[in-house]
file data02.pdb (PDB, C-alpha atoms, pLDDT in the B column)
ATOM      1  CA  MET I 113      39.012 -64.602 -36.933  1.00 42.00           C
ATOM      2  CA  ALA I 114      40.355 -68.143 -37.120  1.00 44.00           C
ATOM      3  CA  SER I 115      43.156 -68.432 -39.680  1.00 51.00           C
ATOM      4  CA  ASP I 116      42.441 -72.095 -40.439  1.00 57.00           C
ATOM      5  CA  PRO I 117      38.993 -72.540 -42.056  1.00 59.00           C
ATOM      6  CA  GLN I 118      38.717 -75.925 -40.338  1.00 73.00           C
ATOM      7  CA  THR I 119      39.225 -74.462 -36.853  1.00 86.00           C
ATOM      8  CA  PRO I 120      35.756 -74.150 -35.250  1.00 92.00           C
ATOM      9  CA  ILE I 121      34.585 -70.575 -34.761  1.00 93.00           C
ATOM     10  CA  PRO I 122      32.666 -70.096 -31.475  1.00 96.00           C
ATOM     11  CA  ALA I 123      29.201 -68.677 -32.139  1.00 97.00           C
ATOM     12  CA  ALA I 124      25.843 -68.117 -30.452  1.00 98.00           C
ATOM     13  CA  THR I 125      22.265 -68.188 -31.714  1.00 98.00           C
ATOM     14  CA  LEU I 126      19.082 -66.991 -30.022  1.00 98.00           C
ATOM     15  CA  VAL I 127      15.713 -68.651 -30.671  1.00 98.00           C
ATOM     16  CA  LEU I 128      13.154 -66.035 -29.661  1.00 98.00           C
ATOM     17  CA  PHE I 129       9.578 -67.079 -28.828  1.00 98.00           C
ATOM     18  CA  ARG I 130       6.442 -64.963 -29.105  1.00 97.00           C
ATOM     19  CA  GLU I 131       3.374 -66.568 -27.565  1.00 94.00           C
ATOM     20  CA  ARG I 132       0.058 -66.254 -29.378  1.00 89.00           C
ATOM     21  CA  ALA I 133      -3.433 -67.220 -28.286  1.00 86.00           C
ATOM     22  CA  GLY I 134      -4.973 -70.317 -29.815  1.00 84.00           C
ATOM     23  CA  GLY I 135      -1.886 -71.590 -31.573  1.00 87.00           C
ATOM     24  CA  PRO I 136       1.758 -72.590 -31.283  1.00 94.00           C
ATOM     25  CA  PRO I 137       4.305 -69.886 -30.487  1.00 97.00           C
ATOM     26  CA  ASP I 138       5.947 -67.883 -33.233  1.00 98.00           C
ATOM     27  CA  LEU I 139       9.723 -67.859 -33.603  1.00 98.00           C
ATOM     28  CA  LEU I 140      11.796 -64.962 -34.897  1.00 98.00           C
ATOM     29  CA  MET I 141      13.533 -65.731 -38.202  1.00 97.00           C
ATOM     30  CA  VAL I 142      15.870 -63.689 -40.357  1.00 95.00           C
ATOM     31  CA  GLU I 143      16.654 -64.221 -44.024  1.00 93.00           C
ATOM     32  CA  ARG I 144      20.352 -63.992 -44.814  1.00 83.00           C
ATOM     33  CA  ALA I 145      21.479 -61.785 -47.677  1.00 75.00           C
ATOM     34  CA  ARG I 146      22.295 -63.939 -50.703  1.00 66.00           C
ATOM     35  CA  ALA I 147      25.779 -62.437 -50.932  1.00 58.00           C
ATOM     36  CA  MET I 148      26.752 -63.735 -47.473  1.00 58.00           C
ATOM     37  CA  ALA I 149      29.438 -66.443 -47.495  1.00 55.00           C
ATOM     38  CA  PHE I 150      27.640 -68.470 -44.816  1.00 63.00           C
ATOM     39  CA  ALA I 151      24.012 -69.560 -45.420  1.00 59.00           C
ATOM     40  CA  GLY I 152      23.414 -66.927 -48.086  1.00 63.00           C
ATOM     41  CA  GLY I 153      19.689 -66.633 -48.838  1.00 74.00           C
ATOM     42  CA  ALA I 154      18.690 -69.035 -46.044  1.00 88.00           C
ATOM     43  CA  LEU I 155      16.383 -68.513 -43.084  1.00 95.00           C
ATOM     44  CA  VAL I 156      18.193 -68.704 -39.750  1.00 94.00           C
ATOM     45  CA  PHE I 157      17.784 -67.650 -36.136  1.00 97.00           C
ATOM     46  CA  PRO I 158      19.590 -64.411 -35.233  1.00 96.00           C
ATOM     47  CA  GLY I 159      23.156 -64.992 -34.087  1.00 95.00           C
ATOM     48  CA  GLY I 160      26.829 -64.686 -34.855  1.00 94.00           C
ATOM     49  CA  ARG I 161      30.383 -65.097 -33.653  1.00 95.00           C
ATOM     50  CA  ILE I 162      31.484 -64.769 -30.050  1.00 97.00           C
ATOM     51  CA  ASP I 163      34.034 -61.954 -29.897  1.00 94.00           C
ATOM     52  CA  ALA I 164      36.898 -61.401 -27.479  1.00 94.00           C
ATOM     53  CA  ALA I 165      34.904 -58.420 -26.161  1.00 95.00           C
ATOM     54  CA  ASP I 166      32.087 -60.805 -25.195  1.00 95.00           C
ATOM     55  CA  HIS I 167      34.561 -62.710 -22.986  1.00 94.00           C
ATOM     56  CA  ASP I 168      35.720 -59.434 -21.426  1.00 93.00           C
ATOM     57  CA  HIS I 169      32.111 -58.385 -20.844  1.00 95.00           C
ATOM     58  CA  ALA I 170      31.317 -61.742 -19.216  1.00 94.00           C
ATOM     59  CA  GLU I 171      34.349 -61.400 -16.933  1.00 92.00           C
ATOM     60  CA  ARG I 172      33.206 -57.950 -15.793  1.00 89.00           C
ATOM     61  CA  HIS I 173      29.649 -59.188 -15.292  1.00 88.00           C
ATOM     62  CA  THR I 174      30.604 -62.346 -13.363  1.00 85.00           C
ATOM     63  CA  PRO I 175      34.312 -62.735 -12.542  1.00 85.00           C
ATOM     64  CA  GLY I 176      35.589 -66.121 -13.642  1.00 80.00           C
ATOM     65  CA  SER I 177      32.748 -66.747 -16.077  1.00 77.00           C
ATOM     66  CA  SER I 178      34.764 -65.970 -19.217  1.00 69.00           C
ATOM     67  CA  ALA I 179      36.611 -69.271 -18.820  1.00 71.00           C
ATOM     68  CA  ASN I 180      33.303 -71.077 -19.416  1.00 81.00           C
ATOM     69  CA  TRP I 181      32.298 -69.838 -22.860  1.00 87.00           C
ATOM     70  CA  GLU I 182      28.567 -70.334 -22.173  1.00 94.00           C
ATOM     71  CA  GLN I 183      28.375 -66.910 -20.494  1.00 95.00           C
ATOM     72  CA  PRO I 184      30.217 -65.058 -23.283  1.00 96.00           C
ATOM     73  CA  ALA I 185      27.914 -66.923 -25.686  1.00 97.00           C
ATOM     74  CA  ARG I 186      24.859 -65.572 -23.873  1.00 97.00           C
ATOM     75  CA  ILE I 187      26.223 -62.043 -24.204  1.00 97.00           C
ATOM     76  CA  ALA I 188      26.989 -62.592 -27.881  1.00 98.00           C
ATOM     77  CA  ALA I 189      23.435 -63.863 -28.474  1.00 98.00           C
ATOM     78  CA  ILE I 190      21.945 -60.789 -26.761  1.00 98.00           C
ATOM     79  CA  ARG I 191      24.237 -58.460 -28.710  1.00 97.00           C
ATOM     80  CA  GLU I 192      23.516 -60.120 -32.048  1.00 96.00           C
ATOM     81  CA  MET I 193      19.752 -59.961 -31.468  1.00 97.00           C
ATOM     82  CA  ILE I 194      20.008 -56.200 -31.029  1.00 97.00           C
ATOM     83  CA  GLU I 195      22.244 -55.819 -34.079  1.00 95.00           C
ATOM     84  CA  GLU I 196      20.186 -58.025 -36.409  1.00 95.00           C
ATOM     85  CA  ALA I 197      16.612 -57.441 -35.247  1.00 96.00           C
ATOM     86  CA  GLY I 198      16.657 -54.447 -32.899  1.00 96.00           C
ATOM     87  CA  LEU I 199      15.148 -56.421 -30.003  1.00 97.00           C
ATOM     88  CA  PRO I 200      16.376 -55.912 -26.404  1.00 97.00           C
ATOM     89  CA  ILE I 201      16.472 -59.460 -25.016  1.00 97.00           C
ATOM     90  CA  GLY I 202      18.357 -60.052 -21.770  1.00 97.00           C
ATOM     91  CA  LEU I 203      18.549 -56.380 -20.794  1.00 97.00           C
ATOM     92  CA  SER I 204      17.130 -54.962 -17.556  1.00 96.00           C
ATOM     93  CA  PRO I 205      15.218 -52.733 -17.417  1.00 96.00           C
ATOM     94  CA  LEU I 206      13.794 -52.768 -20.920  1.00 96.00           C
ATOM     95  CA  PRO I 207      15.438 -49.784 -22.671  1.00 96.00           C
ATOM     96  CA  ASP I 208      13.258 -47.047 -24.108  1.00 95.00           C
ATOM     97  CA  PRO I 209      13.154 -46.659 -27.907  1.00 95.00           C
ATOM     98  CA  ARG I 210      15.734 -43.851 -27.905  1.00 96.00           C
ATOM     99  CA  ALA I 211      18.247 -45.831 -25.846  1.00 97.00           C
ATOM    100  CA  LEU I 212      17.671 -49.009 -27.847  1.00 97.00           C
ATOM    101  CA  ALA I 213      18.203 -47.176 -31.140  1.00 96.00           C
ATOM    102  CA  ALA I 214      21.410 -45.622 -29.802  1.00 97.00           C
ATOM    103  CA  ILE I 215      22.732 -48.970 -28.597  1.00 97.00           C
ATOM    104  CA  ARG I 216      21.993 -50.592 -31.936  1.00 96.00           C
ATOM    105  CA  GLN I 217      23.590 -47.727 -33.828  1.00 95.00           C
ATOM    106  CA  GLY I 218      26.620 -47.956 -31.553  1.00 96.00           C
ATOM    107  CA  LEU I 219      26.977 -51.691 -32.189  1.00 95.00           C
ATOM    108  CA  HIS I 220      26.760 -51.168 -35.951  1.00 93.00           C
ATOM    109  CA  ALA I 221      29.583 -48.638 -35.554  1.00 93.00           C
ATOM    110  CA  ASP I 222      31.671 -51.281 -33.708  1.00 92.00           C
ATOM    111  CA  GLY I 223      31.080 -49.748 -30.306  1.00 93.00           C
ATOM    112  CA  ALA I 224      31.727 -51.852 -27.202  1.00 95.00           C
ATOM    113  CA  PHE I 225      28.514 -53.522 -26.004  1.00 97.00           C
ATOM    114  CA  ALA I 226      29.588 -53.320 -22.352  1.00 96.00           C
ATOM    115  CA  THR I 227      30.149 -49.580 -22.656  1.00 96.00           C
ATOM    116  CA  LEU I 228      26.794 -49.031 -24.373  1.00 97.00           C
ATOM    117  CA  VAL I 229      24.911 -51.068 -21.762  1.00 96.00           C
ATOM    118  CA  ALA I 230      26.513 -49.104 -18.920  1.00 96.00           C
ATOM    119  CA  ARG I 231      25.961 -45.750 -20.634  1.00 96.00           C
ATOM    120  CA  TYR I 232      22.192 -46.233 -20.588  1.00 96.00           C
ATOM    121  CA  GLY I 233      22.000 -47.593 -17.047  1.00 97.00           C
ATOM    122  CA  LEU I 234      21.155 -51.150 -18.073  1.00 97.00           C
ATOM    123  CA  ALA I 235      22.162 -54.525 -16.705  1.00 96.00           C
ATOM    124  CA  LEU I 236      22.460 -57.920 -18.331  1.00 96.00           C
ATOM    125  CA  ASP I 237      19.922 -60.597 -17.416  1.00 96.00           C
ATOM    126  CA  LEU I 238      21.767 -63.662 -18.662  1.00 96.00           C
ATOM    127  CA  GLU I 239      19.272 -65.993 -16.974  1.00 95.00           C
ATOM    128  CA  ALA I 240      16.646 -64.838 -19.488  1.00 97.00           C
ATOM    129  CA  LEU I 241      18.368 -67.237 -21.904  1.00 98.00           C
ATOM    130  CA  THR I 242      18.115 -71.026 -21.600  1.00 98.00           C
ATOM    131  CA  LEU I 243      20.724 -73.238 -23.244  1.00 98.00           C
ATOM    132  CA  PHE I 244      19.022 -75.491 -25.809  1.00 98.00           C
ATOM    133  CA  ALA I 245      21.593 -77.117 -28.079  1.00 98.00           C
ATOM    134  CA  ARG I 246      25.146 -77.127 -29.366  1.00 98.00           C
ATOM    135  CA  TRP I 247      25.954 -77.780 -33.023  1.00 97.00           C
ATOM    136  CA  CYS I 248      29.305 -78.083 -34.777  1.00 96.00           C
ATOM    137  CA  PRO I 249      28.851 -79.387 -38.356  1.00 93.00           C
ATOM    138  CA  ARG I 250      32.167 -80.209 -40.025  1.00 88.00           C
ATOM    139  CA  HIS I 251      31.975 -79.847 -43.795  1.00 76.00           C
ATOM    140  CA  PRO I 252      35.210 -80.086 -45.822  1.00 71.00           C
ATOM    141  CA  HIS I 253      36.509 -76.792 -47.235  1.00 68.00           C
ATOM    142  CA  MET I 254      33.876 -74.740 -45.385  1.00 74.00           C
ATOM    143  CA  ARG I 255      33.916 -72.563 -42.294  1.00 81.00           C
ATOM    144  CA  ILE I 256      33.093 -74.534 -39.167  1.00 90.00           C
ATOM    145  CA  PHE I 257      30.972 -72.879 -36.482  1.00 92.00           C
ATOM    146  CA  ASP I 258      30.677 -74.317 -32.963  1.00 96.00           C
ATOM    147  CA  THR I 259      27.342 -72.779 -32.006  1.00 97.00           C
ATOM    148  CA  LEU I 260      25.369 -72.657 -28.782  1.00 98.00           C
ATOM    149  CA  PHE I 261      21.612 -72.255 -29.282  1.00 98.00           C
ATOM    150  CA  PHE I 262      19.639 -70.429 -26.581  1.00 98.00           C
ATOM    151  CA  LEU I 263      15.903 -69.973 -25.988  1.00 98.00           C
ATOM    152  CA  ALA I 264      14.317 -66.720 -24.819  1.00 98.00           C
ATOM    153  CA  LYS I 265      10.853 -65.179 -24.678  1.00 98.00           C
ATOM    154  CA  LEU I 266       9.872 -61.808 -26.108  1.00 97.00           C
ATOM    155  CA  PRO I 267       9.347 -59.498 -23.096  1.00 95.00           C
ATOM    156  CA  GLU I 268       6.192 -57.452 -22.705  1.00 93.00           C
ATOM    157  CA  GLY I 269       6.610 -53.973 -24.137  1.00 93.00           C
ATOM    158  CA  ALA I 270       9.314 -54.988 -26.609  1.00 95.00           C
ATOM    159  CA  PRO I 271       9.179 -53.196 -29.979  1.00 95.00           C
ATOM    160  CA  ASP I 272       8.571 -54.838 -33.336  1.00 96.00           C
ATOM    161  CA  PRO I 273      11.691 -56.327 -34.929  1.00 96.00           C
ATOM    162  CA  GLU I 274      13.466 -54.306 -37.608  1.00 94.00           C
ATOM    163  CA  VAL I 275      15.806 -55.904 -40.144  1.00 93.00           C
ATOM    164  CA  ASP I 276      19.363 -54.579 -40.210  1.00 87.00           C
ATOM    165  CA  ALA I 277      19.406 -54.612 -44.048  1.00 73.00           C
ATOM    166  CA  THR I 278      23.103 -55.547 -44.137  1.00 80.00           C
ATOM    167  CA  GLU I 279      23.709 -59.222 -43.362  1.00 81.00           C
ATOM    168  CA  ASN I 280      19.964 -59.903 -43.493  1.00 84.00           C
ATOM    169  CA  THR I 281      17.196 -58.853 -45.848  1.00 88.00           C
ATOM    170  CA  ARG I 282      14.071 -59.856 -43.913  1.00 92.00           C
ATOM    171  CA  VAL I 283      12.974 -60.446 -40.319  1.00 95.00           C
ATOM    172  CA  PHE I 284       9.609 -61.988 -39.399  1.00 96.00           C
ATOM    173  CA  TRP I 285       7.647 -64.153 -36.965  1.00 97.00           C
ATOM    174  CA  GLN I 286       6.433 -67.619 -37.929  1.00 97.00           C
ATOM    175  CA  SER I 287       5.731 -70.914 -36.189  1.00 98.00           C
ATOM    176  CA  ALA I 288       8.342 -73.649 -36.432  1.00 98.00           C
ATOM    177  CA  ARG I 289       5.908 -75.819 -38.386  1.00 97.00           C
ATOM    178  CA  GLY I 290       5.136 -72.952 -40.748  1.00 97.00           C
ATOM    179  CA  VAL I 291       8.815 -72.463 -41.607  1.00 97.00           C
ATOM    180  CA  LEU I 292       9.261 -76.201 -42.166  1.00 97.00           C
ATOM    181  CA  ASP I 293       6.201 -76.324 -44.430  1.00 96.00           C
ATOM    182  CA  ASP I 294       7.511 -73.406 -46.477  1.00 95.00           C
ATOM    183  CA  ALA I 295      10.921 -75.071 -46.801  1.00 94.00           C
ATOM    184  CA  ARG I 296       9.439 -78.374 -47.942  1.00 92.00           C
ATOM    185  CA  ALA I 297       7.332 -76.532 -50.528  1.00 93.00           C
ATOM    186  CA  GLY I 298      10.457 -74.806 -51.850  1.00 91.00           C
ATOM    187  CA  ARG I 299       9.308 -71.319 -50.871  1.00 93.00           C
ATOM    188  CA  VAL I 300      12.281 -70.736 -48.546  1.00 93.00           C
ATOM    189  CA  SER I 301      15.688 -72.252 -47.894  1.00 92.00           C
ATOM    190  CA  ILE I 302      16.971 -73.548 -44.555  1.00 93.00           C
ATOM    191  CA  ILE I 303      20.269 -75.203 -43.655  1.00 91.00           C
ATOM    192  CA  PHE I 304      20.351 -78.609 -41.954  1.00 93.00           C
ATOM    193  CA  PRO I 305      20.954 -77.444 -38.344  1.00 95.00           C
ATOM    194  CA  THR I 306      18.083 -74.939 -38.635  1.00 95.00           C
ATOM    195  CA  ARG I 307      15.826 -77.625 -40.044  1.00 96.00           C
ATOM    196  CA  CYS I 308      16.626 -80.072 -37.224  1.00 97.00           C
ATOM    197  CA  ASN I 309      16.119 -77.461 -34.508  1.00 98.00           C
ATOM    198  CA  LEU I 310      12.828 -76.326 -36.054  1.00 98.00           C
ATOM    199  CA  GLU I 311      11.638 -79.948 -36.049  1.00 98.00           C
ATOM    200  CA  ARG I 312      12.552 -80.210 -32.378  1.00 98.00           C
ATOM    201  CA  LEU I 313      10.942 -76.862 -31.523  1.00 98.00           C
ATOM    202  CA  ALA I 314       7.746 -77.734 -33.412  1.00 98.00           C
ATOM    203  CA  GLN I 315       6.999 -80.307 -30.691  1.00 97.00           C
ATOM    204  CA  PHE I 316       6.228 -77.631 -28.092  1.00 97.00           C
ATOM    205  CA  ALA I 317       2.977 -75.759 -27.522  1.00 96.00           C
ATOM    206  CA  SER I 318       4.619 -73.014 -25.453  1.00 96.00           C
ATOM    207  CA  PHE I 319       7.893 -71.418 -24.452  1.00 97.00           C
ATOM    208  CA  ASP I 320       7.644 -73.005 -20.998  1.00 97.00           C
ATOM    209  CA  ASP I 321       7.320 -76.468 -22.566  1.00 97.00           C
ATOM    210  CA  ALA I 322      10.439 -75.878 -24.644  1.00 98.00           C
ATOM    211  CA  VAL I 323      12.412 -74.665 -21.617  1.00 98.00           C
ATOM    212  CA  ALA I 324      11.335 -77.656 -19.511  1.00 98.00           C
ATOM    213  CA  HIS I 325      12.456 -79.977 -22.301  1.00 97.00           C
ATOM    214  CA  ALA I 326      15.793 -78.160 -22.713  1.00 97.00           C
ATOM    215  CA  ARG I 327      16.548 -78.491 -18.998  1.00 97.00           C
ATOM    216  CA  GLN I 328      16.070 -82.253 -19.161  1.00 97.00           C
ATOM    217  CA  ILE I 329      18.503 -82.873 -22.031  1.00 96.00           C
ATOM    218  CA  PRO I 330      22.205 -81.935 -21.899  1.00 92.00           C
ATOM    219  CA  ALA I 331      23.357 -79.710 -24.753  1.00 94.00           C
ATOM    220  CA  ARG I 332      25.899 -82.216 -26.042  1.00 95.00           C
ATOM    221  CA  MET I 333      27.676 -81.258 -29.247  1.00 97.00           C
ATOM    222  CA  VAL I 334      25.903 -82.372 -32.438  1.00 97.00           C
ATOM    223  CA  THR I 335      28.212 -83.084 -35.378  1.00 96.00           C
ATOM    224  CA  PRO I 336      26.229 -84.690 -38.225  1.00 96.00           C
ATOM    225  CA  TRP I 337      27.762 -87.644 -40.060  1.00 95.00           C
ATOM    226  CA  VAL I 338      26.983 -89.552 -43.272  1.00 94.00           C
ATOM    227  CA  GLU I 339      25.841 -93.169 -43.002  1.00 94.00           C
ATOM    228  CA  GLU I 340      24.441 -95.683 -45.477  1.00 94.00           C
ATOM    229  CA  ARG I 341      20.847 -96.621 -44.612  1.00 89.00           C
ATOM    230  CA  ASP I 342      18.538 -98.654 -46.840  1.00 86.00           C
ATOM    231  CA  GLY I 343      21.105 -98.474 -49.618  1.00 89.00           C
ATOM    232  CA  ALA I 344      21.323 -94.678 -49.668  1.00 92.00           C
ATOM    233  CA  PRO I 345      23.544 -92.126 -47.889  1.00 94.00           C
ATOM    234  CA  HIS I 346      21.823 -90.361 -44.995  1.00 94.00           C
ATOM    235  CA  LEU I 347      22.878 -87.359 -42.924  1.00 94.00           C
ATOM    236  CA  CYS I 348      22.545 -88.458 -39.306  1.00 96.00           C
ATOM    237  CA  ILE I 349      22.568 -86.956 -35.809  1.00 97.00           C
ATOM    238  CA  PRO I 350      22.402 -88.586 -32.336  1.00 97.00           C
ATOM    239  CA  ASP I 351      19.044 -90.105 -31.382  1.00 96.00           C
ATOM    240  CA  ASP I 352      19.134 -89.198 -27.668  1.00 97.00           C
ATOM    241  CA  LEU I 353      19.098 -85.378 -27.777  1.00 97.00           C
ATOM    242  CA  GLY I 354      15.402 -84.708 -28.300  1.00 97.00           C
ATOM    243  CA  TYR I 355      15.312 -84.446 -32.091  1.00 98.00           C
ATOM    244  CA  PRO I 356      12.315 -86.232 -33.641  1.00 97.00           C
ATOM    245  CA  VAL I 357      14.099 -86.813 -36.987  1.00 96.00           C
ATOM    246  CA  THR I 358      17.664 -88.135 -36.726  1.00 96.00           C
ATOM    247  CA  ALA I 359      18.421 -89.380 -40.259  1.00 95.00           C
ATOM    248  CA  VAL I 360      17.624 -87.673 -43.555  1.00 93.00           C
ATOM    249  CA  PRO I 361      18.548 -88.817 -47.110  1.00 91.00           C
ATOM    250  CA  MET I 362      21.444 -86.724 -48.356  1.00 87.00           C
ATOM    251  CA  ASP I 363      19.525 -85.363 -51.345  1.00 81.00           C
ATOM    252  CA  ALA I 364      16.686 -84.189 -49.059  1.00 78.00           C
ATOM    253  CA  ALA I 365      19.133 -82.667 -46.556  1.00 72.00           C
ATOM    254  CA  GLN I 366      20.856 -80.722 -49.319  1.00 53.00           C
ATOM    255  CA  ARG I 367      17.502 -79.431 -50.631  1.00 52.00           C
ATOM    256  CA  GLY I 368      16.432 -78.327 -47.146  1.00 49.00           C
TER     257      GLY I 368
END

call {"tool": "encode", "arguments": {"input": "data02.pdb", "output": "structure tokens"}}
result
Amino acid sequence: MASDPQTPIPAATLVLFRERAGGPPDLLMVERARAMAFAGGALVFPGGRIDAADHDHAERHTPGSSANWEQPARIAAIREMIEEAGLPIGLSPLPDPRALAAIRQGLHADGAFATLVARYGLALDLEALTLFARWCPRHPHMRIFDTLFFLAKLPEGAPDPEVDATENTRVFWQSARGVLDDARAGRVSIIFPTRCNLERLAQFASFDDAVAHARQIPARMVTPWVEERDGAPHLCIPDDLGYPVTAVPMDAAQRG
């Protein structure tokens, strides 16, 4: 853990798509427990910190890759998805229910992910994840997370998600537009980075469309800033990274 609260904490988030006929894809969302220090009560994508063990795992998987933290981030995103939602993304072959339950139980007991993967004869498929964005909001007197966002698609035969009932209280599928509509109506809470990424994701009719878009735009770090526009403070982000809304009045951003 970083000793200085203003030192960015490396983290990874996984945006999981589920295609559905006749409509936009669903995304997997979790609702954070209200007692959590970060984003308590808010809807977020599954994710969490990148641990030293994720770097070690990346080095064993692909020697030299731990120096580039994108590969440890992929492993962290896969691990966190299992811990938070019980879904085996980026594992080959797809583990059976018994093995998946044992891996999840082992992770909750602080077991080493690399050891658990090897124990059940599985391999990592890091290419199942596509880098989408990088966010590092810097708010005074708050923890700072430097987070890589990845896209992945729910594999055929995957089980239904199951909430971990510790950090999160609910896990569900919903379209990006549906989550945004619920947030604007005050039915749910979302933090600013989640809101911006949902607005970007709502542009796509399929997982393949989102991946094609992600591959065209570098995942340059997004650090929002405050700027006066039309006589009022706005929270702003760069206008060349694929986000359809790049400036929001501060009061609206804080409500989101």

call {"tool": "resolve_selection", "arguments": {"input": "data02.pdb", "expression": "the PyMOL selection byres ((chain I and resi 303-306) around 8)", "output": "list in words"}}
result
Ala151, Ala154, Leu155, Val156, Phe157, Trp247, Ser301, Ile302, Arg307, Cys308, Asn309, Leu310, Ala365, Gln366 and Gly368 of chain I

call {"tool": "atom_distance", "arguments": {"input": "data02.pdb", "atom1": "CA of Asp294 in chain I", "atom2": "CA of Ala145 in chain I"}}
result
18.2 Å

call {"tool": "closest_residue", "arguments": {"input": "data02.pdb", "among": "I:Ala359, I:Val334, I:Leu219, I:Ala317", "to": "Leu260 in chain I", "atoms": "all atoms listed in the file"}}
result
I:Val334

call {"tool": "closest_atom_pairs", "arguments": {"input": "data02.pdb", "of": "range 225-307 of chain I", "to": "range 161-184 of chain I", "cutoff": "8 Å", "atoms": "all atoms listed in the file", "output": "tab-separated table"}}
result
residue	atom	partner	partner_atom	distance
I:Phe225	CA	I:His169	CA	8.0
I:Ala226	CA	I:His169	CA	5.9
I:Leu236	CA	I:His173	CA	7.9
I:Leu238	CA	I:Gln183	CA	7.6
I:Leu260	CA	I:Glu182	CA	7.7

call {"tool": "write_last_selection", "arguments": {"input": "data02.pdb", "atoms": "C-alpha atoms", "output": "PDB file, in the frame of the given file"}}
result
ATOM      1  CA  PHE I 225      28.514 -53.522 -26.004  1.00 97.00           C
ATOM      2  CA  ALA I 226      29.588 -53.320 -22.352  1.00 96.00           C
ATOM      3  CA  LEU I 236      22.460 -57.920 -18.331  1.00 96.00           C
ATOM      4  CA  LEU I 238      21.767 -63.662 -18.662  1.00 96.00           C
ATOM      5  CA  LEU I 260      25.369 -72.657 -28.782  1.00 98.00           C
TER       6      LEU I 260
END

call {"tool": "resolve_selection", "arguments": {"input": "data02.pdb", "expression": "the PyMOL selection byres ((chain I and resi 272) around 9)", "output": "list of chain:residue names"}}
result
I:Ala197, I:Gly198, I:Leu199, I:Ala270, I:Pro271, I:Pro273, I:Glu274

call {"tool": "atom_distance", "arguments": {"input": "data02.pdb", "atom1": "CA of Asp222 in chain I", "atom2": "CA of Glu195 in chain I"}}
result
10.5 Å

call {"tool": "residues_around", "arguments": {"input": "data02.pdb", "residues": "Gln286 in chain I", "least_positions_apart": "4", "cutoff": "9 Å", "atoms": "only C-alpha atoms", "output": "ChimeraX atom specification"}}
result
/I:137-141,290-291

call {"tool": "residues_around", "arguments": {"input": "data02.pdb", "residues": "Leu234 in chain I", "least_positions_apart": "5", "cutoff": "9 Å", "atoms": "all atoms listed in the file", "output": "list of chain:residue names"}}
result
I:Leu203, I:Ser204, I:Pro205, I:Leu206, I:Pro207, I:Leu228, I:Val229

call {"tool": "atom_distance", "arguments": {"input": "data02.pdb", "atom1": "CA of Phe244 in chain I", "atom2": "CA of Leu128 in chain I"}}
result
11.8 Å

call {"tool": "resolve_selection", "arguments": {"input": "data02.pdb", "expression": "the PyMOL selection byres ((chain I and resi 216) around 9)", "output": "JSON list (two decimals) with C-alpha atoms, keeping the file's coordinate frame"}}
result
[["chain", "number", "residue", "atom", "x", "y", "z"],
["I", 191, "ARG", "CA", 24.24, -58.46, -28.71],
["I", 194, "ILE", "CA", 20.01, -56.20, -31.03],
["I", 195, "GLU", "CA", 22.24, -55.82, -34.08],
["I", 196, "GLU", "CA", 20.19, -58.02, -36.41],
["I", 198, "GLY", "CA", 16.66, -54.45, -32.90],
["I", 211, "ALA", "CA", 18.25, -45.83, -25.85],
["I", 212, "LEU", "CA", 17.67, -49.01, -27.85],
["I", 213, "ALA", "CA", 18.20, -47.18, -31.14],
["I", 214, "ALA", "CA", 21.41, -45.62, -29.80],
["I", 215, "ILE", "CA", 22.73, -48.97, -28.60],
["I", 217, "GLN", "CA", 23.59, -47.73, -33.83],
["I", 218, "GLY", "CA", 26.62, -47.96, -31.55],
["I", 219, "LEU", "CA", 26.98, -51.69, -32.19],
["I", 220, "HIS", "CA", 26.76, -51.17, -35.95],
["I", 221, "ALA", "CA", 29.58, -48.64, -35.55]]

call {"tool": "residues_around", "arguments": {"input": "data02.pdb", "residues": "Val357 in chain I", "least_positions_apart": "5", "cutoff": "9 Å", "atoms": "only C-alpha atoms", "output": "list in words"}}
result
Cys308, Glu311, Arg312, Cys348, Ile349 and Asp351 of chain I

call {"tool": "closest_residue", "arguments": {"input": "data02.pdb", "among": "I:Glu340, I:Asp276, I:Glu131, I:Glu192", "to": "Arg144 in chain I", "atoms": "only C-alpha atoms"}}
result
I:Asp276

call {"tool": "closest_residue", "arguments": {"input": "data02.pdb", "among": "I:Ile256, I:Thr278, I:Met362, I:Cys248", "to": "Arg332 in chain I", "atoms": "all atoms listed in the file"}}
result
I:Cys248

call {"tool": "closest_residue", "arguments": {"input": "data02.pdb", "among": "I:Pro136, I:Pro158, I:Ala245, I:Phe129", "to": "Asn280 in chain I", "atoms": "all atoms listed in the file"}}
result
I:Pro158

call {"tool": "axis_aligned_box", "arguments": {"input": "data02.pdb", "around": "range 347-365 of chain I", "padding_each_side": "5 Å", "output": "JSON"}}
result
{"center_x": 17.6, "center_y": -86.4, "center_z": -39.5, "size_x": 20.6, "size_y": 17.4, "size_z": 33.7}

call {"tool": "closest_residue", "arguments": {"input": "data02.pdb", "among": "I:Ala230, I:Thr242, I:Ala297, I:Ala364", "to": "Arg327 in chain I", "atoms": "only C-alpha atoms"}}
result
I:Thr242

call {"tool": "closest_residue", "arguments": {"input": "data02.pdb", "among": "I:Leu353, I:Gly233, I:Pro252, I:Trp337", "to": "His325 in chain I", "atoms": "all atoms listed in the file"}}
result
I:Leu353

call {"tool": "residues_around", "arguments": {"input": "data02.pdb", "residues": "Ala123 in chain I", "least_positions_apart": "4", "cutoff": "8 Å", "atoms": "all atoms listed in the file", "output": "PyMOL selection string"}}
result
chain I and resi 159-162+185+188+257-260

call {"tool": "write_last_selection", "arguments": {"input": "data02.pdb", "atoms": "C-alpha atoms", "output": "compact mmCIF listing (two decimals), in the frame of the given file"}}
result
# COMPACT_ATOMS: atom_id res chain seq x y z
CA GLY I 159 23.16 -64.99 -34.09
CA GLY I 160 26.83 -64.69 -34.85
CA ARG I 161 30.38 -65.10 -33.65
CA ILE I 162 31.48 -64.77 -30.05
CA ALA I 185 27.91 -66.92 -25.69
CA ALA I 188 26.99 -62.59 -27.88
CA PHE I 257 30.97 -72.88 -36.48
CA ASP I 258 30.68 -74.32 -32.96
CA THR I 259 27.34 -72.78 -32.01
CA LEU I 260 25.37 -72.66 -28.78
